[in-house]
>>> print(open('input-v1.cif').read())   # mmCIF, C-alpha atoms
data_target
loop_
_atom_site.label_atom_id
_atom_site.label_comp_id
_atom_site.auth_asym_id
_atom_site.auth_seq_id
_atom_site.Cartn_x
_atom_site.Cartn_y
_atom_site.Cartn_z
CA MET A 1 -10.99 39.63 -85.52
CA THR A 2 -9.52 37.38 -88.24
CA PRO A 3 -12.17 35.60 -90.28
CA SER A 4 -12.08 31.80 -90.19
CA THR A 5 -12.47 29.57 -93.25
CA GLU A 6 -13.90 26.89 -90.97
CA PRO A 7 -16.39 28.62 -88.64
CA GLY A 8 -16.48 27.17 -85.17
CA ARG A 9 -13.16 25.30 -85.51
CA PRO A 10 -10.20 26.70 -83.51
CA PRO A 11 -7.06 27.58 -85.51
CA THR A 12 -4.99 25.20 -83.35
CA THR A 13 -7.23 22.29 -84.24
CA ARG A 14 -6.98 23.12 -87.93
CA ALA A 15 -3.16 23.25 -87.71
CA VAL A 16 -3.03 19.89 -85.96
CA ALA A 17 -5.31 18.38 -88.59
CA TRP A 18 -3.16 19.83 -91.38
CA ALA A 19 0.03 18.50 -89.77
CA GLY A 20 -1.57 15.08 -89.37
CA THR A 21 -2.49 15.05 -93.05
CA VAL A 22 1.08 15.93 -94.04
CA VAL A 23 2.53 13.25 -91.74
CA LEU A 24 0.08 10.68 -93.11
CA ALA A 25 0.99 11.61 -96.69
CA ILE A 26 4.74 11.33 -95.96
CA ALA A 27 4.23 7.99 -94.20
CA SER A 28 2.18 6.69 -97.13
CA VAL A 29 4.86 7.69 -99.63
CA ALA A 30 7.58 6.13 -97.46
CA LEU A 31 5.56 2.93 -97.11
CA ALA A 32 4.98 2.80 -100.87
CA LEU A 33 8.70 3.30 -101.55
CA THR A 34 9.60 0.62 -99.01
CA ALA A 35 7.18 -1.79 -100.68
CA ALA A 36 8.63 -0.95 -104.11
CA ASP A 37 12.15 -1.49 -102.80
CA LEU A 38 11.11 -4.92 -101.50
CA VAL A 39 9.57 -5.82 -104.87
CA VAL A 40 12.69 -4.77 -106.78
CA ARG A 41 14.93 -6.71 -104.39
CA THR A 42 12.95 -9.95 -104.17
CA ALA A 43 11.87 -10.05 -107.83
CA GLY A 44 15.36 -9.35 -109.10
CA LEU A 45 14.22 -6.32 -111.10
CA GLY A 46 17.40 -4.47 -110.29
CA VAL A 47 19.63 -7.27 -111.59
CA ARG A 48 21.41 -6.55 -114.85
CA PRO A 49 22.75 -9.73 -116.47
CA LEU A 50 26.52 -9.84 -116.05
CA ARG A 51 28.72 -9.76 -119.12
CA SER A 52 32.45 -9.67 -119.50
CA ARG A 53 33.95 -6.68 -121.30
CA ALA A 54 33.43 -7.02 -125.05
CA ASN A 55 36.42 -7.46 -127.41
CA ASP A 56 38.79 -7.69 -124.48
CA ASP A 57 42.27 -9.16 -124.71
CA SER A 58 43.91 -9.17 -121.31
CA ILE A 59 46.08 -11.16 -118.96
CA LEU A 60 44.56 -12.62 -115.80
CA GLU A 61 47.26 -13.10 -113.19
CA ARG A 62 46.94 -14.66 -109.76
CA VAL A 63 49.53 -16.25 -107.49
CA GLU A 64 48.72 -19.71 -108.89
CA PHE A 65 48.32 -18.97 -112.61
CA ARG A 66 48.70 -16.50 -115.46
CA THR A 67 46.34 -16.80 -118.45
CA ARG A 68 45.22 -14.83 -121.47
CA VAL A 69 41.50 -14.04 -121.70
CA VAL A 70 40.01 -12.94 -125.03
CA THR A 71 36.31 -12.12 -125.40
CA ASN A 72 34.18 -11.64 -128.49
CA ALA A 73 32.00 -8.67 -129.42
CA LEU A 74 29.25 -9.91 -127.08
CA GLY A 75 31.51 -10.26 -124.05
CA PHE A 76 31.90 -14.05 -124.01
CA ARG A 77 35.04 -16.18 -124.20
CA ASP A 78 34.23 -17.84 -127.51
CA ARG A 79 35.61 -17.02 -130.94
CA ARG A 80 32.26 -17.59 -132.65
CA LEU A 81 29.33 -15.20 -132.84
CA PRO A 82 25.73 -16.30 -133.43
CA GLY A 83 25.00 -17.43 -136.96
CA PRO A 84 23.30 -20.15 -138.99
CA LYS A 85 24.14 -23.68 -137.90
CA PRO A 86 26.00 -25.62 -140.62
CA PRO A 87 24.35 -28.88 -141.78
CA GLY A 88 25.43 -31.96 -139.86
CA THR A 89 26.42 -29.91 -136.80
CA MET A 90 25.33 -30.40 -133.21
CA ARG A 91 25.54 -27.21 -131.17
CA VAL A 92 25.77 -27.09 -127.42
CA VAL A 93 25.36 -23.74 -125.63
CA VAL A 94 26.94 -23.77 -122.17
CA LEU A 95 25.74 -21.34 -119.49
CA GLY A 96 27.67 -20.78 -116.30
CA ASP A 97 30.06 -18.69 -114.27
CA SER A 98 33.85 -18.46 -114.01
CA PHE A 99 34.28 -22.26 -113.90
CA THR A 100 32.54 -22.48 -117.27
CA GLN A 101 34.42 -19.52 -118.74
CA GLY A 102 37.66 -21.22 -117.75
CA TYR A 103 38.98 -18.84 -115.08
CA GLY A 104 42.63 -19.67 -114.51
CA VAL A 105 43.21 -21.78 -117.64
CA GLU A 106 43.75 -21.07 -121.31
CA GLU A 107 40.67 -21.02 -123.50
CA ALA A 108 41.56 -24.35 -125.11
CA ASP A 109 41.72 -26.01 -121.68
CA ALA A 110 38.29 -24.87 -120.43
CA TYR A 111 35.78 -27.71 -120.25
CA PRO A 112 33.47 -26.38 -123.03
CA ARG A 113 36.33 -26.47 -125.56
CA ARG A 114 37.62 -29.83 -124.31
CA LEU A 115 34.08 -31.17 -124.48
CA GLU A 116 33.85 -30.05 -128.11
CA ARG A 117 37.01 -31.98 -129.00
CA LEU A 118 35.86 -35.10 -127.15
CA LEU A 119 32.48 -35.11 -128.89
CA ASP A 120 34.19 -34.80 -132.28
CA GLU A 121 36.54 -37.67 -131.44
CA ARG A 122 33.85 -39.98 -130.10
CA GLN A 123 31.18 -39.18 -132.68
CA PRO A 124 33.08 -38.43 -135.91
CA SER A 125 29.94 -38.78 -138.03
CA GLU A 126 28.75 -35.41 -136.73
CA ARG A 127 30.44 -32.04 -136.26
CA HIS A 128 30.14 -30.46 -132.80
CA GLU A 129 30.29 -26.85 -131.66
CA VAL A 130 30.25 -26.08 -127.94
CA ILE A 131 29.60 -22.40 -127.32
CA ASN A 132 31.02 -20.98 -124.09
CA LEU A 133 28.70 -18.38 -122.51
CA GLY A 134 30.31 -18.52 -119.07
CA VAL A 135 30.80 -15.21 -117.25
CA PRO A 136 32.77 -14.78 -114.00
CA GLY A 137 30.46 -13.87 -111.13
CA ALA A 138 27.32 -14.96 -112.98
CA CYS A 139 24.59 -17.09 -111.42
CA PRO A 140 21.05 -18.22 -112.36
CA LEU A 141 19.96 -14.56 -112.16
CA ASP A 142 21.98 -14.11 -115.37
CA TYR A 143 21.84 -17.50 -117.10
CA ASP A 144 18.32 -17.25 -118.49
CA ALA A 145 19.06 -13.80 -119.93
CA HIS A 146 22.30 -15.06 -121.50
CA LEU A 147 20.29 -17.80 -123.20
CA ALA A 148 17.39 -15.58 -124.29
CA GLU A 149 19.55 -12.66 -125.48
CA VAL A 150 22.45 -14.58 -127.03
CA GLY A 151 22.34 -18.36 -126.69
CA LEU A 152 19.20 -19.08 -128.70
CA ALA A 153 20.65 -17.20 -131.67
CA TYR A 154 23.19 -20.04 -132.00
CA GLN A 155 20.31 -22.46 -132.75
CA PRO A 156 21.42 -24.94 -130.06
CA ASP A 157 20.51 -28.61 -129.95
CA LEU A 158 21.47 -28.79 -126.29
CA VAL A 159 21.60 -26.17 -123.54
CA LEU A 160 24.02 -27.20 -120.79
CA VAL A 161 23.87 -25.31 -117.49
CA GLY A 162 27.01 -25.45 -115.33
CA PHE A 163 25.40 -25.10 -111.90
CA MET A 164 27.96 -24.15 -109.27
CA ALA A 165 27.91 -24.66 -105.54
CA ASN A 166 27.76 -20.89 -105.04
CA ASP A 167 24.83 -20.26 -107.42
CA VAL A 168 22.24 -20.38 -104.63
CA SER A 169 24.37 -18.44 -102.16
CA ASP A 170 24.92 -15.68 -104.75
CA ILE A 171 21.15 -15.24 -105.04
CA HIS A 172 20.80 -15.32 -101.25
CA SER A 173 23.50 -12.68 -100.83
CA LYS A 174 21.99 -10.44 -103.50
CA ARG A 175 18.55 -10.63 -101.85
CA GLU A 176 19.67 -10.25 -98.25
CA PHE A 177 22.78 -8.08 -98.42
CA GLY A 178 22.45 -6.17 -101.68
CA SER A 179 25.40 -7.73 -103.49
CA ARG A 180 26.62 -11.19 -104.45
CA ILE A 181 30.19 -10.83 -103.21
CA MET A 182 31.82 -9.23 -100.20
CA SER A 183 34.29 -7.17 -102.21
CA GLU A 184 31.34 -5.36 -103.81
CA VAL A 185 29.66 -4.81 -100.43
CA LEU A 186 32.93 -3.39 -99.11
CA ARG A 187 33.23 -1.07 -102.11
CA GLN A 188 29.68 0.18 -101.59
CA VAL A 189 30.37 0.86 -97.90
CA GLN A 190 33.62 2.67 -98.69
CA GLU A 191 31.88 4.86 -101.24
CA ASP A 192 29.03 5.57 -98.84
CA MET A 193 31.45 6.58 -96.09
CA SER A 194 33.31 8.82 -98.54
CA ASP A 195 30.12 10.44 -99.82
CA ASP A 196 30.24 14.17 -99.05
CA ARG A 197 26.68 14.89 -100.22
CA PRO A 198 24.26 16.40 -97.67
CA PRO A 199 22.44 13.80 -95.52
CA TRP A 200 19.08 14.54 -97.15
CA LYS A 201 20.53 13.59 -100.54
CA ARG A 202 21.99 10.35 -99.22
CA LEU A 203 18.89 9.30 -97.29
CA PRO A 204 16.94 7.75 -100.22
CA GLN A 205 19.88 5.50 -101.10
CA ARG A 206 20.16 4.35 -97.48
CA LEU A 207 16.45 3.68 -97.01
CA TRP A 208 15.63 2.14 -100.38
CA PRO A 209 18.94 0.90 -101.88
CA SER A 210 17.47 -1.60 -104.38
CA LEU A 211 14.90 0.85 -105.68
CA TYR A 212 17.51 3.62 -105.79
CA ASP A 213 19.88 1.49 -107.91
CA TYR A 214 17.06 0.29 -110.15
CA ALA A 215 15.83 3.83 -110.78
CA GLY A 216 19.42 4.90 -111.40
CA ASP A 217 19.84 2.17 -114.02
CA LEU A 218 16.64 3.25 -115.76
CA TRP A 219 17.78 6.86 -115.72
CA ALA A 220 21.21 5.88 -117.02
CA GLY A 221 19.54 4.05 -119.91
CA LEU A 222 17.49 7.16 -120.72
CA ARG A 223 20.58 9.34 -120.57
CA THR A 224 22.40 6.97 -122.92
CA ARG A 225 19.57 7.16 -125.43
CA ASN A 226 19.52 10.97 -125.14
CA ALA A 227 23.27 11.10 -125.64
CA SER A 228 23.02 9.00 -128.79
CA ALA A 229 20.40 11.45 -130.06
CA GLY A 230 22.76 14.37 -129.54
CA VAL A 231 21.50 15.44 -126.10
CA GLU A 232 24.30 16.05 -123.64
CA PRO A 233 23.57 14.09 -120.42
CA LYS A 234 23.66 15.95 -117.16
CA PRO A 235 26.10 14.87 -114.45
CA THR A 236 24.59 12.46 -111.93
CA GLY A 237 26.38 13.77 -108.86
CA ALA A 238 27.60 10.30 -107.95
CA PRO A 239 30.21 10.16 -105.20
CA ALA A 240 33.86 10.16 -106.16
CA LEU A 241 36.15 7.21 -105.58
CA PRO A 242 36.72 6.44 -101.91
CA ARG A 243 39.15 8.70 -100.13
CA SER A 244 41.80 7.23 -97.87
CA MET A 245 39.94 5.66 -94.97
CA ASP A 246 42.89 4.76 -92.79
CA ALA A 247 41.48 6.55 -89.75
CA ASP A 248 38.06 4.97 -90.18
CA TRP A 249 38.97 1.37 -90.95
CA LYS A 250 37.22 -0.04 -87.87
CA ALA A 251 34.14 2.01 -88.67
CA THR A 252 34.27 0.56 -92.18
CA LEU A 253 34.52 -2.95 -90.73
CA LEU A 254 31.48 -2.38 -88.53
CA ALA A 255 29.53 -0.86 -91.41
CA VAL A 256 30.20 -3.95 -93.55
CA ALA A 257 29.27 -6.14 -90.58
CA ALA A 258 25.99 -4.25 -90.30
CA ARG A 259 25.24 -5.03 -93.94
CA TYR A 260 25.57 -8.71 -93.03
CA HIS A 261 23.45 -8.26 -89.87
CA ARG A 262 26.42 -9.08 -87.61
CA ARG A 263 27.46 -5.73 -86.16
CA ALA A 264 26.94 -6.75 -82.52
CA GLU A 265 28.94 -9.97 -82.93
CA ILE A 266 31.79 -8.19 -84.69
CA GLU A 267 31.90 -5.43 -82.07
CA ALA A 268 32.30 -8.13 -79.43
CA ALA A 269 34.94 -9.94 -81.49
CA LEU A 270 37.00 -6.76 -81.87
CA ARG A 271 37.63 -6.83 -78.13
CA GLN A 272 39.07 -10.34 -78.27
CA VAL A 273 40.80 -10.73 -81.64
CA PRO A 274 44.62 -10.42 -81.61
CA VAL A 275 45.92 -7.08 -82.83
CA GLU A 276 48.01 -8.68 -85.57
CA GLN A 277 44.91 -10.33 -87.06
CA LEU A 278 43.09 -7.00 -87.20
CA GLU A 279 46.13 -5.30 -88.67
CA GLY A 280 45.99 -7.85 -91.49
CA LEU A 281 42.49 -6.62 -92.34
CA ARG A 282 43.39 -2.92 -92.36
CA PRO A 283 44.70 -2.71 -95.98
CA VAL A 284 41.51 -4.31 -97.29
CA LEU A 285 39.25 -2.00 -95.31
CA THR A 286 41.17 1.16 -96.21
CA GLY A 287 41.25 0.44 -99.93
CA GLN A 288 45.05 0.04 -100.06
CA TYR A 289 44.37 -3.56 -101.16
CA GLN A 290 42.09 -4.04 -104.17
CA TYR A 291 40.74 -7.56 -104.60
CA SER A 292 40.11 -7.14 -108.32
CA ASP A 293 43.69 -6.06 -109.05
CA ASP A 294 45.86 -7.92 -106.56
CA PRO A 295 47.11 -11.37 -107.60
CA ASN A 296 46.73 -12.65 -104.03
CA PRO A 297 43.09 -13.18 -102.93
CA GLU A 298 43.98 -14.19 -99.37
CA PRO A 299 43.48 -10.77 -97.66
CA MET A 300 39.87 -10.58 -98.93
CA PHE A 301 39.29 -14.21 -97.97
CA ARG A 302 40.45 -13.47 -94.42
CA LEU A 303 38.04 -10.54 -94.17
CA ALA A 304 35.23 -12.79 -95.42
CA ALA A 305 36.17 -15.42 -92.84
CA PHE A 306 36.10 -12.84 -90.05
CA LEU A 307 32.71 -11.45 -91.05
CA ARG A 308 30.97 -14.60 -92.33
CA PRO A 309 32.82 -17.66 -91.03
CA ARG A 310 29.99 -20.05 -91.97
CA ALA A 311 29.59 -18.79 -95.54
CA ASN A 312 31.24 -21.75 -97.26
CA ALA A 313 29.46 -24.33 -95.14
CA GLU A 314 26.08 -22.71 -95.71
CA MET A 315 26.79 -22.52 -99.43
CA VAL A 316 26.59 -26.30 -99.80
CA LEU A 317 24.55 -27.36 -96.75
CA LEU A 318 21.68 -25.01 -97.71
CA PRO A 319 20.15 -24.10 -94.33
CA PRO A 320 16.48 -22.97 -94.27
CA ALA A 321 17.55 -19.33 -94.71
CA TYR A 322 18.53 -20.28 -98.26
CA ASP A 323 15.13 -21.75 -99.22
CA ALA A 324 13.94 -18.56 -100.93
CA ALA A 325 17.16 -18.36 -102.96
CA TRP A 326 16.82 -22.03 -103.93
CA ALA A 327 13.28 -21.30 -105.15
CA VAL A 328 14.59 -18.46 -107.32
CA ALA A 329 17.38 -20.64 -108.73
CA THR A 330 15.03 -23.47 -109.67
CA ARG A 331 12.56 -21.01 -111.18
CA LYS A 332 15.35 -19.71 -113.40
CA LEU A 333 16.29 -23.28 -114.38
CA ARG A 334 12.68 -23.96 -115.36
CA ARG A 335 12.70 -20.84 -117.52
CA ILE A 336 15.93 -21.96 -119.20
CA ASP A 337 14.37 -25.34 -119.92
CA ALA A 338 11.25 -23.69 -121.32
CA LEU A 339 13.33 -21.41 -123.56
CA ALA A 340 15.39 -24.36 -124.78
CA ARG A 341 12.34 -26.51 -125.49
CA GLY A 342 10.66 -23.65 -127.29
CA ALA A 343 13.67 -23.48 -129.60
CA GLY A 344 13.67 -27.24 -130.20
CA ALA A 345 16.64 -27.94 -127.89
CA ARG A 346 16.99 -30.12 -124.82
CA THR A 347 18.41 -29.09 -121.47
CA MET A 348 21.03 -30.68 -119.26
CA ILE A 349 22.39 -29.49 -115.89
CA ALA A 350 25.91 -30.23 -114.66
CA PHE A 351 26.67 -29.87 -110.95
CA LEU A 352 30.13 -28.32 -110.52
CA PRO A 353 31.34 -28.70 -106.91
CA ALA A 354 33.47 -26.18 -105.05
CA ALA A 355 37.10 -26.93 -104.25
CA PHE A 356 36.43 -27.42 -100.53
CA GLN A 357 33.91 -30.17 -101.36
CA VAL A 358 36.62 -32.19 -103.09
CA SER A 359 40.15 -31.09 -102.20
CA PRO A 360 41.40 -31.62 -98.62
CA GLU A 361 44.14 -29.09 -99.31
CA ALA A 362 41.66 -26.39 -100.31
CA TRP A 363 39.51 -27.26 -97.28
CA ARG A 364 42.52 -26.87 -94.94
CA LEU A 365 43.53 -23.55 -96.51
CA LEU A 366 40.08 -22.07 -95.89
CA ARG A 367 40.03 -23.34 -92.33
CA GLY A 368 43.47 -21.78 -91.79
CA MET A 369 42.08 -18.42 -92.89
CA GLY A 370 39.37 -18.56 -90.24
CA PHE A 371 36.39 -20.14 -91.96
CA GLU A 372 34.38 -22.68 -89.97
CA MET A 373 34.92 -25.78 -92.11
CA ASP A 374 32.94 -28.80 -90.97
CA PRO A 375 34.70 -32.07 -92.00
CA SER A 376 31.41 -33.26 -93.49
CA LEU A 377 31.83 -30.74 -96.34
CA LEU A 378 34.25 -33.19 -97.98
CA THR A 379 31.58 -35.93 -98.00
CA ASP A 380 28.25 -34.07 -98.00
CA THR A 381 25.92 -34.31 -101.02
CA THR A 382 23.07 -32.00 -99.96
CA MET A 383 23.17 -29.68 -102.95
CA SER A 384 23.77 -32.32 -105.61
CA ASP A 385 20.98 -34.45 -104.11
CA ARG A 386 18.54 -31.55 -104.25
CA LEU A 387 19.60 -30.67 -107.77
CA ARG A 388 19.16 -34.25 -108.99
CA ALA A 389 15.73 -34.43 -107.32
CA PHE A 390 14.75 -31.20 -109.06
CA GLY A 391 15.95 -32.55 -112.41
CA ALA A 392 14.01 -35.79 -111.95
CA ALA A 393 10.81 -33.87 -111.17
CA GLU A 394 11.24 -31.57 -114.18
CA GLY A 395 12.50 -34.15 -116.65
CA ILE A 396 15.91 -32.45 -116.95
CA PRO A 397 18.99 -34.72 -116.87
CA VAL A 398 21.51 -33.76 -114.17
CA VAL A 399 25.16 -34.78 -114.43
CA ASP A 400 26.65 -34.84 -110.93
CA LEU A 401 30.41 -34.30 -111.22
CA LEU A 402 30.96 -34.69 -107.48
CA PRO A 403 31.64 -38.48 -107.45
CA ALA A 404 34.13 -38.38 -110.34
CA LEU A 405 36.04 -35.46 -108.84
CA ARG A 406 36.08 -36.94 -105.33
CA ALA A 407 37.40 -40.20 -106.75
CA ARG A 408 40.49 -38.21 -107.78
CA ARG A 409 40.63 -35.88 -104.79
CA ASP A 410 44.38 -36.34 -104.37
CA ASP A 411 45.08 -35.13 -107.90
CA ALA A 412 45.64 -31.46 -108.66
CA LEU A 413 42.10 -30.77 -109.88
CA TYR A 414 41.74 -27.34 -108.23
CA TYR A 415 44.00 -24.41 -107.52
CA PRO A 416 43.96 -24.73 -103.70
CA LEU A 417 43.96 -21.00 -102.91
CA ASP A 418 42.00 -19.61 -105.85
CA GLY A 419 39.54 -22.53 -105.82
CA HIS A 420 38.97 -22.86 -109.58
CA TRP A 421 39.73 -25.93 -111.67
CA THR A 422 43.17 -26.58 -113.09
CA PRO A 423 43.41 -27.92 -116.67
CA LEU A 424 43.24 -31.41 -115.13
CA GLY A 425 39.97 -30.57 -113.36
CA HIS A 426 38.47 -29.26 -116.59
CA GLY A 427 39.56 -32.46 -118.29
CA VAL A 428 37.73 -34.65 -115.77
CA ALA A 429 34.58 -32.54 -116.16
CA ALA A 430 34.72 -32.73 -119.96
CA GLU A 431 35.10 -36.53 -119.90
CA GLU A 432 32.06 -36.95 -117.66
CA LEU A 433 29.95 -34.57 -119.71
CA ALA A 434 30.91 -36.18 -123.02
CA ASP A 435 29.83 -39.57 -121.64
CA ALA A 436 26.52 -38.15 -120.41
CA ILE A 437 25.73 -36.36 -123.69
CA LEU A 438 26.54 -39.29 -125.96
CA ASN A 439 24.75 -41.84 -123.79
CA ARG A 440 21.42 -40.02 -123.65
#
>>> encode(input="input-v1.cif", output="structure tokens")
Amino acid sequence: MTPSTEPGRPPTTRAVAWAGTVVLAIASVALALTAADLVVRTAGLGVRPLRSRANDDSILERVEFRTRVVTNALGFRDRRLPGPKPPGTMRVVVLGDSFTQGYGVEEADAYPRRLERLLDERQPSERHEVINLGVPGACPLDYDAHLAEVGLAYQPDLVLVGFMANDVSDIHSKREFGSRIMSEVLRQVQEDMSDDRPPWKRLPQRLWPSLYDYAGDLWAGLRTRNASAGVEPKPTGAPALPRSMDADWKATLLAVAARYHRRAEIEAALRQVPVEQLEGLRPVLTGQYQYSDDPNPEPMFRLAAFLRPRANAEMVLLPPAYDAAWAVATRKLRRIDALARGAGARTMIAFLPAAFQVSPEAWRLLRGMGFEMDPSLLTDTTMSDRLRAFGAAEGIPVVDLLPALRARRDDALYYPLDGHWTPLGHGVAAEELADAILNR
């Protein structure tokens, strides 16, 4: 007879109790990881501030323009690095995204540089320096870090935030879908589908993607420090670049749709959409078309329209689902204002509207690609109204560029397909901002 460590308790009961303990422990760990993933995602802990490539000198070419883009050692499109402010100089640090950087125009035509020239012309008794810290793809999740890490070192007198129509939607997309832009979501799905690692190795990334990426970033930072100390970093085992996915392009489409919580709707749509429309999406889904390299953005836009037809409308109409993202954006703006005030500078916000809020031609192009474009988008003021109300409550001046741009809606202010300002659009913005700065 085998002796028992628990007299009077049957072995079967002990085994069940042990199994229950193990299951409870696993469930507790899974719950803790899920909670940590939620914290990382909602608090933005996994967000690394975007920067352009440092000391870059490249040509940006799209179907509507070809421009040279040169960045400094910090990754910004400005020839000046932080340093002492010369006497008699007013410095303006401008935070923003691709509109602020001057995507699609030469550096001299971007509104920060044009603003600098206008201020010098209109106030010759003082020298003006307008520092361009715009970064394509950036949003309020990055702006406060750009100011804290770089902008304050310029000793600004004014911090100007170029607040774009997509700033809130970028935060919403990052929180809800794991990435700000669809091309990045697509890339993540393609890599996941091409990942040949065993399922048990891929499971943590599927269950806790934000925590997984955050931990990976921390580990990458540690590896970088070890490497600089002479310790050879170990390979991470990251998946290779996506293989050809021609046979799986519909599966890729449905996987991306699932990321946007629309798999059922897209499955139904696949049974009704004309074959030629689907064939137009195939190169994007298989990786034959690369949005970052191709001069024509239309194929990616058509995929976005198929998967999220209301994206542009929601961007500016701000439905209740965007309330949490709006709260994050305004919290970041308050932090920027606090940083500026702490450094003895004042803050100003400029609202930069999207092309489809101003240009009928841009509006029609997006509708032709499949987006649901309500006519009210060309007259609506929801976002600028909310931004001005926020500024009034916080004591931060807000310059709404929407009226001035709509007054010239028939001029070529935007590239219709790309959606960014032309040199003329930057000129209108600079004129309005110069007036606002000098009159306050």
>>> resolve_selection(input="input-v1.cif", expression="the PyMOL selection byres ((chain A and resi 85) around 10)", output="NGL selection string")
:A and (82-84 or 86-91 or 129 or 153-156)
>>> closest_residue(input="input-v1.cif", among="A:Asp109, A:Leu253, A:Arg364, A:Gly151", to="Leu424 of chain A", atoms="only C-alpha atoms")
A:Asp109
>>> atom_distance(input="input-v1.cif", atom1="atom CA of Asp400 of chain A", atom2="atom CA of Ala350 of chain A")
6.0 Å
>>> resolve_selection(input="input-v1.cif", expression="the PyMOL selection byres ((chain A and resi 60) around 10)", output="compact mmCIF listing (two decimals) with C-alpha atoms, in the coordinates of the input")
# COMPACT_ATOMS: atom_id res chain seq x y z
CA ASP A 57 42.27 -9.16 -124.71
CA SER A 58 43.91 -9.17 -121.31
CA ILE A 59 46.08 -11.16 -118.96
CA GLU A 61 47.26 -13.10 -113.19
CA ARG A 62 46.94 -14.66 -109.76
CA PHE A 65 48.32 -18.97 -112.61
CA ARG A 66 48.70 -16.50 -115.46
CA THR A 67 46.34 -16.80 -118.45
CA ARG A 68 45.22 -14.83 -121.47
CA VAL A 69 41.50 -14.04 -121.70
CA TYR A 103 38.98 -18.84 -115.08
CA GLY A 104 42.63 -19.67 -114.51
CA VAL A 105 43.21 -21.78 -117.64
CA ASP A 293 43.69 -6.06 -109.05
CA PRO A 295 47.11 -11.37 -107.60
>>> atom_distance(input="input-v1.cif", atom1="atom CA of Phe356 of chain A", atom2="atom CA of Arg117 of chain A")
28.8 Å
>>> atom_distance(input="input-v1.cif", atom1="atom CA of Val92 of chain A", atom2="atom CA of His128 of chain A")
7.7 Å
>>> closest_residue(input="input-v1.cif", among="A:Phe351, A:Gly342, A:Arg409, A:Asp142", to="Asp385 of chain A", atoms="all atoms listed in the file")
A:Phe351
>>> resolve_selection(input="input-v1.cif", expression="the PyMOL selection byres ((chain A and resi 346) around 8)", output="compact mmCIF listing (two decimals) with C-alpha atoms, in the coordinates of the input")
# COMPACT_ATOMS: atom_id res chain seq x y z
CA ASP A 157 20.51 -28.61 -129.95
CA LEU A 158 21.47 -28.79 -126.29
CA VAL A 159 21.60 -26.17 -123.54
CA ASP A 337 14.37 -25.34 -119.92
CA ALA A 340 15.39 -24.36 -124.78
CA ARG A 341 12.34 -26.51 -125.49
CA GLY A 344 13.67 -27.24 -130.20
CA ALA A 345 16.64 -27.94 -127.89
CA THR A 347 18.41 -29.09 -121.47
CA MET A 348 21.03 -30.68 -119.26
>>> residues_around(input="input-v1.cif", residues="Val94 of chain A", least_positions_apart="2", cutoff="8 Å", atoms="all atoms listed in the file", output="PDB file with C-alpha atoms, in the coordinates of the input")
ATOM      1  CA  VAL A  92      25.770 -27.090-127.420  1.00  0.00           C
ATOM      2  CA  GLY A  96      27.670 -20.780-116.300  1.00  0.00           C
ATOM      3  CA  THR A 100      32.540 -22.480-117.270  1.00  0.00           C
ATOM      4  CA  PRO A 112      33.470 -26.380-123.030  1.00  0.00           C
ATOM      5  CA  VAL A 130      30.250 -26.080-127.940  1.00  0.00           C
ATOM      6  CA  ILE A 131      29.600 -22.400-127.320  1.00  0.00           C
ATOM      7  CA  ASN A 132      31.020 -20.980-124.090  1.00  0.00           C
ATOM      8  CA  LEU A 133      28.700 -18.380-122.510  1.00  0.00           C
ATOM      9  CA  GLY A 134      30.310 -18.520-119.070  1.00  0.00           C
ATOM     10  CA  VAL A 159      21.600 -26.170-123.540  1.00  0.00           C
ATOM     11  CA  LEU A 160      24.020 -27.200-120.790  1.00  0.00           C
ATOM     12  CA  VAL A 161      23.870 -25.310-117.490  1.00  0.00           C
ATOM     13  CA  GLY A 162      27.010 -25.450-115.330  1.00  0.00           C
TER      14      GLY A 162
END
